[in-house]
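As stored in data10.txt (compact mmCIF, C-alpha atoms and all ligand atoms):
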# COMPACT_ATOMS: atom_id res chain seq x y z
CA MET A 30 -28.93 -22.67 25.87
CA ASN A 31 -25.37 -21.40 25.97
CA THR A 32 -23.35 -22.13 22.84
CA LYS A 33 -19.62 -22.47 23.36
CA LYS A 34 -17.71 -19.66 21.68
CA THR A 35 -14.65 -21.17 20.03
CA TYR A 36 -13.24 -18.75 17.48
CA ALA A 37 -12.90 -15.13 16.35
CA ILE A 38 -12.70 -13.67 12.86
CA GLY A 39 -9.63 -11.59 12.02
CA VAL A 40 -9.87 -9.22 9.05
CA ASP A 41 -6.69 -7.74 7.60
CA LEU A 42 -7.69 -4.81 5.40
CA GLY A 43 -5.05 -3.68 2.90
CA ALA A 44 -5.02 -1.35 -0.10
CA THR A 45 -4.99 -4.34 -2.48
CA THR A 46 -6.66 -7.21 -0.61
CA VAL A 47 -9.02 -7.96 2.26
CA LYS A 48 -7.83 -11.09 4.05
CA ALA A 49 -10.08 -12.74 6.61
CA GLY A 50 -9.51 -15.81 8.72
CA VAL A 51 -11.04 -17.98 11.39
CA VAL A 52 -8.72 -17.80 14.41
CA THR A 53 -8.86 -20.14 17.41
CA LYS A 54 -8.03 -19.17 20.99
CA SER A 55 -4.53 -20.59 20.54
CA GLY A 56 -3.86 -18.31 17.54
CA PHE A 57 -4.29 -21.04 14.92
CA ILE A 58 -5.95 -20.23 11.56
CA PRO A 59 -7.92 -23.26 10.31
CA ASP A 60 -9.39 -21.34 7.38
CA GLN A 61 -8.85 -18.07 5.54
CA LEU A 62 -9.76 -16.28 2.33
CA SER A 63 -8.69 -13.21 0.42
CA VAL A 64 -10.55 -10.88 -1.96
CA ASP A 65 -9.75 -7.65 -3.82
CA SER A 66 -10.31 -4.71 -1.44
CA LYS A 67 -11.37 -2.38 -4.31
CA ALA A 68 -9.79 0.53 -2.39
CA LYS A 69 -10.08 2.88 -5.37
CA LYS A 70 -13.88 2.51 -5.45
CA GLY A 71 -14.59 4.28 -2.15
CA PRO A 72 -15.51 3.21 1.40
CA ALA A 73 -18.97 1.75 0.63
CA VAL A 74 -17.49 -0.79 -1.80
CA VAL A 75 -14.60 -1.63 0.56
CA LEU A 76 -17.11 -2.26 3.37
CA GLN A 77 -19.06 -4.54 1.05
CA GLN A 78 -15.86 -6.53 0.39
CA ILE A 79 -15.24 -6.91 4.14
CA ILE A 80 -18.85 -8.02 4.67
CA PHE A 81 -18.50 -10.57 1.87
CA THR A 82 -15.46 -12.24 3.50
CA ILE A 83 -17.30 -12.48 6.84
CA GLN A 84 -20.43 -13.91 5.18
CA GLU A 85 -18.27 -16.53 3.46
CA ILE A 86 -16.86 -17.60 6.84
CA PHE A 87 -20.31 -17.65 8.45
CA GLY A 88 -21.43 -19.89 5.58
CA LYS A 89 -18.99 -22.54 6.84
CA TYR A 90 -18.65 -21.82 10.58
CA ASN A 91 -21.49 -21.39 13.06
CA PRO A 92 -21.93 -17.62 13.76
CA SER A 93 -23.22 -18.35 17.28
CA GLU A 94 -19.79 -19.87 18.13
CA CYS A 95 -17.99 -16.68 17.04
CA LEU A 96 -16.62 -14.46 19.83
CA GLY A 97 -16.51 -11.42 17.58
CA ILE A 98 -14.71 -9.75 14.71
CA GLY A 99 -11.40 -7.88 14.84
CA ILE A 100 -10.30 -5.65 11.98
CA GLY A 101 -6.78 -4.40 11.23
CA THR A 102 -6.65 -1.38 8.94
CA PRO A 103 -4.13 1.10 7.54
CA GLY A 104 -4.55 4.72 8.67
CA VAL A 105 -5.12 6.20 12.08
CA VAL A 106 -7.80 4.55 14.20
CA SER A 107 -9.35 6.99 16.67
CA ILE A 108 -9.33 5.82 20.28
CA THR A 109 -12.43 7.81 21.19
CA ASP A 110 -14.82 6.79 18.40
CA SER A 111 -12.94 3.97 16.56
CA THR A 112 -13.22 5.71 13.18
CA VAL A 113 -10.57 5.08 10.52
CA GLN A 114 -9.01 8.23 9.10
CA HIS A 115 -7.20 8.68 5.77
CA PRO A 116 -5.83 5.19 5.11
CA PRO A 117 -3.13 5.69 2.43
CA ASN A 118 -4.07 4.51 -1.10
CA PHE A 119 -7.82 4.38 -0.34
CA THR A 120 -9.91 6.74 -2.51
CA ASP A 121 -12.48 9.21 -1.07
CA TRP A 122 -11.85 8.05 2.47
CA ALA A 123 -11.68 10.85 5.06
CA LYS A 124 -13.21 9.32 8.19
CA VAL A 125 -15.28 6.13 8.28
CA ASP A 126 -16.71 4.19 11.22
CA VAL A 127 -15.95 0.71 9.87
CA ALA A 128 -16.47 -1.09 13.19
CA LYS A 129 -19.94 0.40 13.73
CA GLN A 130 -21.13 -0.57 10.25
CA ILE A 131 -19.86 -4.15 10.54
CA ARG A 132 -21.37 -4.40 14.06
CA ASN A 133 -24.76 -3.20 12.77
CA LYS A 134 -24.63 -5.80 10.02
CA PHE A 135 -23.69 -8.87 12.10
CA LYS A 136 -24.85 -7.90 15.63
CA ILE A 137 -21.72 -9.23 17.34
CA PRO A 138 -18.76 -7.44 19.00
CA VAL A 139 -16.45 -5.73 16.48
CA TYR A 140 -13.11 -4.09 17.31
CA ILE A 141 -10.73 -2.21 15.05
CA GLU A 142 -7.04 -1.31 15.30
CA ASN A 143 -4.23 -0.01 13.10
CA ASP A 144 -2.72 -2.86 11.06
CA ALA A 145 0.88 -2.41 12.29
CA ASN A 146 -0.42 -2.46 15.86
CA CYS A 147 -2.35 -5.66 15.06
CA ALA A 148 0.82 -7.35 13.79
CA ALA A 149 2.67 -6.22 16.94
CA ILE A 150 -0.10 -7.63 19.15
CA ALA A 151 0.01 -10.94 17.23
CA GLU A 152 3.78 -11.28 17.71
CA ALA A 153 3.40 -10.37 21.40
CA ARG A 154 0.74 -13.02 22.06
CA PHE A 155 1.60 -15.83 19.68
CA GLY A 156 4.92 -15.06 17.94
CA ALA A 157 8.52 -13.93 18.46
CA GLY A 158 7.62 -11.51 21.25
CA ILE A 159 5.93 -14.05 23.48
CA GLU A 160 8.82 -14.16 25.99
CA PHE A 161 9.21 -10.36 26.18
CA LYS A 162 7.04 -8.05 28.25
CA ASP A 163 8.21 -4.97 26.35
CA PHE A 164 9.52 -4.64 22.81
CA LEU A 165 9.53 -2.53 19.67
CA PHE A 166 7.90 -4.16 16.68
CA VAL A 167 9.06 -3.04 13.22
CA ILE A 168 7.37 -3.79 9.91
CA TRP A 169 10.03 -3.58 7.22
CA GLY A 170 8.27 -3.59 3.84
CA THR A 171 7.27 -0.95 1.29
CA GLY A 172 7.52 1.52 4.13
CA ILE A 173 8.60 1.17 7.73
CA GLY A 174 5.84 0.81 10.28
CA GLY A 175 5.80 -0.28 13.84
CA GLY A 176 4.13 -0.85 17.13
CA VAL A 177 5.25 -0.41 20.70
CA ILE A 178 4.47 -3.20 23.17
CA LEU A 179 4.67 -2.07 26.79
CA ASP A 180 3.83 -4.50 29.58
CA ARG A 181 2.38 -6.92 26.95
CA LYS A 182 -0.06 -4.28 25.68
CA ILE A 183 0.05 -2.09 22.61
CA TYR A 184 0.93 1.55 23.33
CA ARG A 185 -1.41 3.68 21.19
CA GLY A 186 -0.49 7.15 22.39
CA PRO A 187 -3.15 9.66 23.56
CA TYR A 188 -4.44 10.15 19.98
CA GLY A 189 -3.96 6.62 18.64
CA GLY A 190 -1.05 7.42 16.33
CA ALA A 191 1.98 6.05 18.23
CA GLY A 192 4.54 3.78 16.54
CA GLU A 193 5.25 5.78 13.37
CA ILE A 194 8.90 4.81 13.49
CA GLY A 195 9.40 5.03 9.70
CA HIS A 196 9.56 8.80 10.02
CA VAL A 197 12.44 9.01 12.45
CA SER A 198 14.86 11.24 10.53
CA ILE A 199 18.49 10.18 10.28
CA ASP A 200 19.51 13.29 8.28
CA TYR A 201 17.77 16.66 8.45
CA ASN A 202 19.16 17.53 5.01
CA GLY A 203 18.48 14.05 3.64
CA ARG A 204 16.14 12.54 1.09
CA LEU A 205 12.61 13.95 0.79
CA CYS A 206 10.14 11.47 2.29
CA ASN A 207 6.52 10.89 1.16
CA CYS A 208 5.45 12.52 4.43
CA GLY A 209 7.11 15.83 3.49
CA ASN A 210 9.95 15.56 6.01
CA TYR A 211 13.59 14.99 5.09
CA GLY A 212 15.83 12.04 5.89
CA CYS A 213 13.13 9.67 7.24
CA ILE A 214 14.51 6.15 7.71
CA GLU A 215 11.68 4.83 5.50
CA SER A 216 13.05 6.70 2.48
CA TYR A 217 16.45 4.94 2.91
CA VAL A 218 15.49 1.36 3.62
CA GLY A 219 11.92 0.92 2.32
CA GLN A 220 11.37 -1.75 -0.32
CA ARG A 221 11.16 0.67 -3.26
CA TYR A 222 14.32 2.48 -2.26
CA LEU A 223 16.31 -0.76 -1.95
CA SER A 224 15.34 -1.77 -5.49
CA GLN A 225 16.07 1.70 -6.84
CA ARG A 226 19.45 1.93 -5.10
CA THR A 227 20.48 -1.50 -6.39
CA LYS A 228 19.49 -0.49 -9.90
CA GLU A 229 21.47 2.79 -9.69
CA ILE A 230 24.61 1.00 -8.52
CA LEU A 231 24.30 -1.69 -11.19
CA LEU A 232 23.90 0.92 -13.94
CA ALA A 233 26.90 2.90 -12.66
CA THR A 234 29.20 -0.13 -12.35
CA PRO A 235 31.30 -1.05 -15.42
CA LYS A 236 31.04 -4.81 -15.92
CA ASP A 237 32.61 -5.54 -19.32
CA ASN A 238 29.34 -7.11 -20.54
CA ILE A 239 29.43 -9.79 -17.86
CA GLN A 240 26.09 -10.15 -16.06
CA THR A 241 26.25 -10.03 -12.27
CA LYS A 242 24.35 -12.67 -10.27
CA ILE A 243 21.60 -10.21 -9.54
CA GLU A 244 21.19 -9.28 -13.23
CA LYS A 245 20.93 -12.96 -14.11
CA LEU A 246 18.14 -13.42 -11.56
CA VAL A 247 16.02 -10.77 -13.33
CA ASP A 248 17.19 -11.75 -16.80
CA GLY A 249 18.69 -8.29 -17.33
CA ASP A 250 15.43 -6.42 -16.57
CA LEU A 251 16.35 -4.22 -13.60
CA ASN A 252 12.74 -3.08 -13.21
CA LEU A 253 11.99 -6.54 -11.82
CA LEU A 254 14.29 -6.03 -8.82
CA ASP A 255 12.69 -6.52 -5.42
CA PRO A 256 14.06 -7.22 -1.93
CA GLU A 257 13.47 -10.95 -2.30
CA ILE A 258 15.66 -11.07 -5.42
CA ILE A 259 18.25 -8.80 -3.82
CA SER A 260 18.31 -11.14 -0.78
CA GLN A 261 18.68 -14.19 -3.03
CA ALA A 262 21.55 -12.56 -4.94
CA ALA A 263 23.21 -11.64 -1.63
CA GLU A 264 22.95 -15.24 -0.44
CA GLU A 265 24.64 -16.31 -3.67
CA GLY A 266 27.49 -13.88 -2.90
CA ASP A 267 26.64 -10.95 -5.19
CA PRO A 268 28.73 -8.06 -3.76
CA ILE A 269 26.36 -5.29 -4.89
CA ALA A 270 23.34 -6.98 -3.29
CA ILE A 271 25.31 -7.61 -0.11
CA GLY A 272 26.43 -3.96 -0.03
CA VAL A 273 22.92 -2.55 -0.47
CA LEU A 274 21.40 -4.76 2.24
CA GLU A 275 24.27 -4.24 4.65
CA GLU A 276 23.97 -0.47 4.27
CA ALA A 277 20.19 -0.67 4.82
CA GLY A 278 20.72 -2.72 7.99
CA THR A 279 23.29 -0.22 9.25
CA LEU A 280 20.97 2.75 8.66
CA LEU A 281 18.01 0.98 10.25
CA GLY A 282 20.18 0.26 13.30
CA TYR A 283 20.93 3.99 13.69
CA ALA A 284 17.22 4.86 13.60
CA LEU A 285 16.40 2.07 16.06
CA SER A 286 19.03 3.31 18.52
CA SER A 287 17.20 6.66 18.79
CA ILE A 288 13.87 4.95 19.36
CA LEU A 289 15.24 2.56 21.99
CA ASN A 290 16.94 5.47 23.76
CA VAL A 291 13.63 7.31 24.03
CA LEU A 292 11.54 4.32 25.09
CA ASP A 293 14.14 2.49 27.21
CA LEU A 294 13.44 -0.75 25.34
CA ARG A 295 15.93 -3.60 24.75
CA VAL A 296 14.24 -5.86 22.23
CA VAL A 297 13.32 -5.25 18.59
CA VAL A 298 11.19 -7.74 16.62
CA ILE A 299 11.31 -7.24 12.85
CA GLY A 300 8.53 -8.42 10.53
CA GLY A 301 7.31 -7.43 7.06
CA GLY A 302 8.46 -8.49 3.58
CA VAL A 303 12.09 -7.40 3.90
CA SER A 304 12.54 -9.12 7.29
CA ALA A 305 13.30 -12.37 5.44
CA ALA A 306 16.71 -10.83 4.53
CA PRO A 307 19.81 -12.95 5.25
CA ALA A 308 21.34 -13.11 8.74
CA PHE A 309 24.19 -10.70 7.89
CA VAL A 310 21.59 -7.89 7.58
CA TYR A 311 20.58 -8.51 11.20
CA ASP A 312 24.27 -8.47 12.16
CA ALA A 313 24.56 -5.04 10.51
CA ILE A 314 21.47 -3.76 12.34
CA ILE A 315 22.68 -4.91 15.75
CA LYS A 316 26.22 -3.63 15.14
CA SER A 317 25.12 -0.09 14.29
CA LEU A 318 22.42 -0.13 16.96
CA ARG A 319 24.97 -1.08 19.61
CA SER A 320 27.42 1.54 18.38
CA ARG A 321 24.86 4.36 18.77
CA ILE A 322 22.64 3.42 21.70
CA LEU A 323 23.36 5.06 25.07
CA LYS A 324 25.63 2.97 27.32
CA PRO A 325 23.05 2.36 30.07
CA HIS A 326 20.62 1.03 27.40
CA LYS A 327 23.14 -1.28 25.74
CA GLU A 328 22.86 -4.25 28.09
CA GLY A 329 20.75 -7.06 26.64
CA VAL A 330 19.88 -5.33 23.35
CA ARG A 331 18.46 -7.86 20.87
CA VAL A 332 17.10 -7.74 17.33
CA ILE A 333 15.09 -10.77 16.24
CA ARG A 334 12.94 -11.88 13.34
CA ALA A 335 9.15 -11.99 13.65
CA LYS A 336 7.63 -15.47 13.50
CA LEU A 337 4.12 -15.15 12.10
CA GLY A 338 4.91 -13.82 8.61
CA ASN A 339 1.93 -12.47 6.68
CA THR A 340 -0.58 -14.18 8.99
CA ALA A 341 0.29 -11.65 11.74
CA GLY A 342 -2.37 -9.22 10.45
CA ILE A 343 -5.23 -11.72 10.69
CA ILE A 344 -4.08 -13.18 14.02
CA GLY A 345 -3.53 -9.72 15.54
CA ALA A 346 -6.94 -8.49 14.38
CA ALA A 347 -8.61 -11.58 15.90
CA SER A 348 -6.59 -11.00 19.09
CA LEU A 349 -8.58 -7.80 19.64
CA VAL A 350 -11.47 -10.15 20.44
CA LEU A 351 -9.76 -13.30 21.75
ZN ZN B 401 8.68 10.55 6.46

Rewritten as structure tokens:
Amino acid sequence: MNTKKTYAIGVDLGATTVKAGVVTKSGFIPDQLSVDSKAKKGPAVVLQQIIFTIQEIFGKYNPSECLGIGIGTPGVVSITDSTVQHPPNFTDWAKVDVAKQIRNKFKIPVYIENDANCAAIAEARFGAGIEFKDFLFVIWGTGIGGGVILDRKIYRGPYGGAGEIGHVSIDYNGRLCNCGNYGCIESYVGQRYLSQRTKEILLATPKDNIQTKIEKLVDGDLNLLDPEIISQAAEEGDPIAIGVLEEAGTLLGYALSSILNVLDLRVVVIGGGVSAAPAFVYDAIIKSLRSRILKPHKEGVRVIRAKLGNTAGIIGAASLVL
């Protein structure tokens, strides 16, 4: 007897948590859970955590109705053998065939893809990119990641590593990036840098003992600064917060202009934690992008917010199966 297959499982593997969800064919998540990924304990323990989330779902949903499992992971996913190589912040992890091990355990189809690519796929199929055949997807968070959607499909590159837009350099003599290069856009607009830059400016600005709006929001403890607080202060009119975010938007626009010039794309969809920034940040991005992009590429250039928020990882992973 044929059982109707109605859902897929999407697993979003991160350095801190494993999130897994039941995803329907229309991209809806009726149920999800999250556990510690235990990334410091090595691949065997991480795999056990992934298996646990799937077993929990199969305890509630009929496994014979599951189309398969999709997994989004940090690191480079090989196109030829689907191994995951060197995911950042995972201990003792050189090269692991996650998909094969999960497939052996559950005996159903399992696919794996880089997490930024998964989020791009999710936005393309169910989110802000649905009306665009081609676009650049940017994850603006701790770092800057991305995915390239061409003709509604993810572009992986011949070795599976395409979309590393955070390491487009905007200054060859600039700040040293984690990757070893200088002036990467990530080291100017990533979450940590925004907090650090705000702190530096606040400490260097004489204020006659009057707390600025942003200092009030963190009760004077500048180590608590994060992009959400900076955004909130900016919305309340704090000039330092506005300045930091506007500058970040301007710099990101410069980097994006180079990428759009190379790829001949017109649309940028921005997701990730910092993408919730106020509208004026998007104005700054589009203004600098338009000022630097080649004239023939300028027509119809758009920068829009992603729609799926932090569910994009689960939905995109499940989309590998759906
Ligand atoms: Zn870099």

Quick one: distance from CA of Asn143 in chain A to CA of Val106 in chain A in Å, one decimal?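 Between CA of Asn143 in chain A and CA of Val106 in chain A the gap is 5.9 Å.
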
With all atoms listed in the file counted, collect every polymer residue having an atom within 10 Å of ligand ZN 401 (chain B); state the result as an MDAnalysis selection string. chainID A and resid 172:173 193:198 204:216

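Closest approach to Ala68 in chain A from the set A:Lys33, A:His115, A:Arg295, A:Lys54 is made by A:His115, with distances taken over all atoms listed in the file.
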
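All protein, DNA and RNA residues at most 9 Å from (-17.5, 0.6, 4.2) are A:Gly71, A:Pro72, A:Ala73, A:Val74, A:Val75, A:Leu76, A:Gln77, A:Gln78, A:Ile79, A:Ile80, A:Val125, A:Asp126, A:Val127, A:Gln130, A:Ile131, using all atoms listed in the file.
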
Neighbour list for Asp110 in chain A as a compact mmCIF listing (two decimals) with C-alpha atoms, in the coordinates of the input, cut-off 12 Å, all atoms listed in the file, skip fewer than 3 positions in-chain:
# COMPACT_ATOMS: atom_id res chain seq x y z
CA VAL A 105 -5.12 6.20 12.08
CA VAL A 106 -7.80 4.55 14.20
CA SER A 107 -9.35 6.99 16.67
CA VAL A 113 -10.57 5.08 10.52
CA GLN A 114 -9.01 8.23 9.10
CA LYS A 124 -13.21 9.32 8.19
CA VAL A 125 -15.28 6.13 8.28
CA ASP A 126 -16.71 4.19 11.22
CA VAL A 127 -15.95 0.71 9.87
CA ALA A 128 -16.47 -1.09 13.19
CA LYS A 129 -19.94 0.40 13.73
CA TYR A 140 -13.11 -4.09 17.31
CA ILE A 141 -10.73 -2.21 15.05
CA GLU A 142 -7.04 -1.31 15.30
CA TYR A 188 -4.44 10.15 19.98
CA GLY A 189 -3.96 6.62 18.64

Out of A:Ala44, A:Ile344, A:Ile322, A:Ala262, which residue has the shortest atom-to-atom distance to Asp60 in chain A when counting only C-alpha atoms?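 Answer, going by the shortest atom-to-atom distance: A:Ile344.
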
Near-Ser224 in chain A list (10 Å; only C-alpha atoms; drop same-chain fewer than 5 positions) as a PDB file with C-alpha atoms, keeping the file's coordinate frame:
ATOM      1  CA  VAL A 218      15.490   1.360   3.620  1.00  0.00           C
ATOM      2  CA  GLY A 219      11.920   0.920   2.320  1.00  0.00           C
ATOM      3  CA  GLU A 229      21.470   2.790  -9.690  1.00  0.00           C
ATOM      4  CA  LEU A 251      16.350  -4.220 -13.600  1.00  0.00           C
ATOM      5  CA  ASN A 252      12.740  -3.080 -13.210  1.00  0.00           C
ATOM      6  CA  LEU A 253      11.990  -6.540 -11.820  1.00  0.00           C
ATOM      7  CA  LEU A 254      14.290  -6.030  -8.820  1.00  0.00           C
ATOM      8  CA  ASP A 255      12.690  -6.520  -5.420  1.00  0.00           C
ATOM      9  CA  PRO A 256      14.060  -7.220  -1.930  1.00  0.00           C
ATOM     10  CA  GLU A 257      13.470 -10.950  -2.300  1.00  0.00           C
ATOM     11  CA  ILE A 258      15.660 -11.070  -5.420  1.00  0.00           C
ATOM     12  CA  ILE A 259      18.250  -8.800  -3.820  1.00  0.00           C
ATOM     13  CA  ALA A 270      23.340  -6.980  -3.290  1.00  0.00           C
ATOM     14  CA  VAL A 273      22.920  -2.550  -0.470  1.00  0.00           C
TER      15      VAL A 273
END

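Minimum distance to Leu42 in chain A across A:Glu94, A:Asp180, A:Asp267, A:Asp65 (counting all atoms listed in the file) occurs at A:Asp65.
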
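For the choices A:Ser260, A:Thr35, A:Asn339, A:Ser287, the atom-to-atom distance to Pro307 in chain A is smallest for A:Ser260 when using all atoms listed in the file.
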
Using all atoms listed in the file, which of A:Ser304, A:Thr171, A:Ser317, A:Ser348 sits nearest Arg334 in chain A?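 That would be A:Ser304, the residue with the smallest distance to Arg334 in chain A.
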
Mind checking which residues fall within 10 Å of range 151-158 of chain A, counting all atoms listed in the file, ignoring those fewer than 4 positions away in the same chain, and posting them as a PyMOL selection string? chain A and resi 55-57+145-147+162-166+178-179+181-183+296-300+333-338+340-349

May I have the selected residues written with C-alpha atoms, as a PDB file, in the frame of the given file?
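Dumped everything to again-v1.pdb:
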ATOM      1  CA  SER A  55      -4.530 -20.590  20.540  1.00  0.00           C
ATOM      2  CA  GLY A  56      -3.860 -18.310  17.540  1.00  0.00           C
ATOM      3  CA  PHE A  57      -4.290 -21.040  14.920  1.00  0.00           C
ATOM      4  CA  ALA A 145       0.880  -2.410  12.290  1.00  0.00           C
ATOM      5  CA  ASN A 146      -0.420  -2.460  15.860  1.00  0.00           C
ATOM      6  CA  CYS A 147      -2.350  -5.660  15.060  1.00  0.00           C
ATOM      7  CA  LYS A 162       7.040  -8.050  28.250  1.00  0.00           C
ATOM      8  CA  ASP A 163       8.210  -4.970  26.350  1.00  0.00           C
ATOM      9  CA  PHE A 164       9.520  -4.640  22.810  1.00  0.00           C
ATOM     10  CA  LEU A 165       9.530  -2.530  19.670  1.00  0.00           C
ATOM     11  CA  PHE A 166       7.900  -4.160  16.680  1.00  0.00           C
ATOM     12  CA  ILE A 178       4.470  -3.200  23.170  1.00  0.00           C
ATOM     13  CA  LEU A 179       4.670  -2.070  26.790  1.00  0.00           C
ATOM     14  CA  ARG A 181       2.380  -6.920  26.950  1.00  0.00           C
ATOM     15  CA  LYS A 182      -0.060  -4.280  25.680  1.00  0.00           C
ATOM     16  CA  ILE A 183       0.050  -2.090  22.610  1.00  0.00           C
ATOM     17  CA  VAL A 296      14.240  -5.860  22.230  1.00  0.00           C
ATOM     18  CA  VAL A 297      13.320  -5.250  18.590  1.00  0.00           C
ATOM     19  CA  VAL A 298      11.190  -7.740  16.620  1.00  0.00           C
ATOM     20  CA  ILE A 299      11.310  -7.240  12.850  1.00  0.00           C
ATOM     21  CA  GLY A 300       8.530  -8.420  10.530  1.00  0.00           C
ATOM     22  CA  ILE A 333      15.090 -10.770  16.240  1.00  0.00           C
ATOM     23  CA  ARG A 334      12.940 -11.880  13.340  1.00  0.00           C
ATOM     24  CA  ALA A 335       9.150 -11.990  13.650  1.00  0.00           C
ATOM     25  CA  LYS A 336       7.630 -15.470  13.500  1.00  0.00           C
ATOM     26  CA  LEU A 337       4.120 -15.150  12.100  1.00  0.00           C
ATOM     27  CA  GLY A 338       4.910 -13.820   8.610  1.00  0.00           C
ATOM     28  CA  THR A 340      -0.580 -14.180   8.990  1.00  0.00           C
ATOM     29  CA  ALA A 341       0.290 -11.650  11.740  1.00  0.00           C
ATOM     30  CA  GLY A 342      -2.370  -9.220  10.450  1.00  0.00           C
ATOM     31  CA  ILE A 343      -5.230 -11.720  10.690  1.00  0.00           C
ATOM     32  CA  ILE A 344      -4.080 -13.180  14.020  1.00  0.00           C
ATOM     33  CA  GLY A 345      -3.530  -9.720  15.540  1.00  0.00           C
ATOM     34  CA  ALA A 346      -6.940  -8.490  14.380  1.00  0.00           C
ATOM     35  CA  ALA A 347      -8.610 -11.580  15.900  1.00  0.00           C
ATOM     36  CA  SER A 348      -6.590 -11.000  19.090  1.00  0.00           C
ATOM     37  CA  LEU A 349      -8.580  -7.800  19.640  1.00  0.00           C
TER      38      LEU A 349
END

Looking at A:Leu318, A:Asn118, A:Leu223, A:Ile239, which one is nearest to Gly272 in chain A, with distances taken over all atoms listed in the file? A:Leu223

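Between CA of Arg226 in chain A and CA of Asn290 in chain A lies a distance of 29.2 Å.
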
Gap from CA of Val64 in chain A to CA of Phe81 in chain A - Å, one decimal: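 Here the two named atoms are 8.8 Å from each other.
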
Please identify all polymer residues within 6 Å of Gly278 in chain A, counting all atoms listed in the file, omitting same-chain residues fewer than 2 positions from it, and present them as number ranges by chain. A: 275-276, 280-281, 310, 313-314

I want to know what sits within 10 Å of Gly97 in chain A, based on only C-alpha atoms, with residues of the same chain fewer than 2 positions away left out; could you give that as a list in words?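 Returned residues: Lys34, Tyr36, Ala37, Ile38, Gly39, Pro92, Ser93, Glu94, Cys95, Gly99, Arg132, Phe135, Lys136, Ile137, Pro138, Val139, Tyr140, Ala347, Leu349, Val350 and Leu351 of chain A.
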
Quick one: what's the axis-aligned box for range 216-234 of chain A, all listed atoms, 5 Å on every side, centre and edges in Å to one decimal, as AutoDock Vina command-line options?
--center_x 20.2 --center_y 2.5 --center_z -5.2 --size_x 28.0 --size_y 18.5 --size_z 27.6
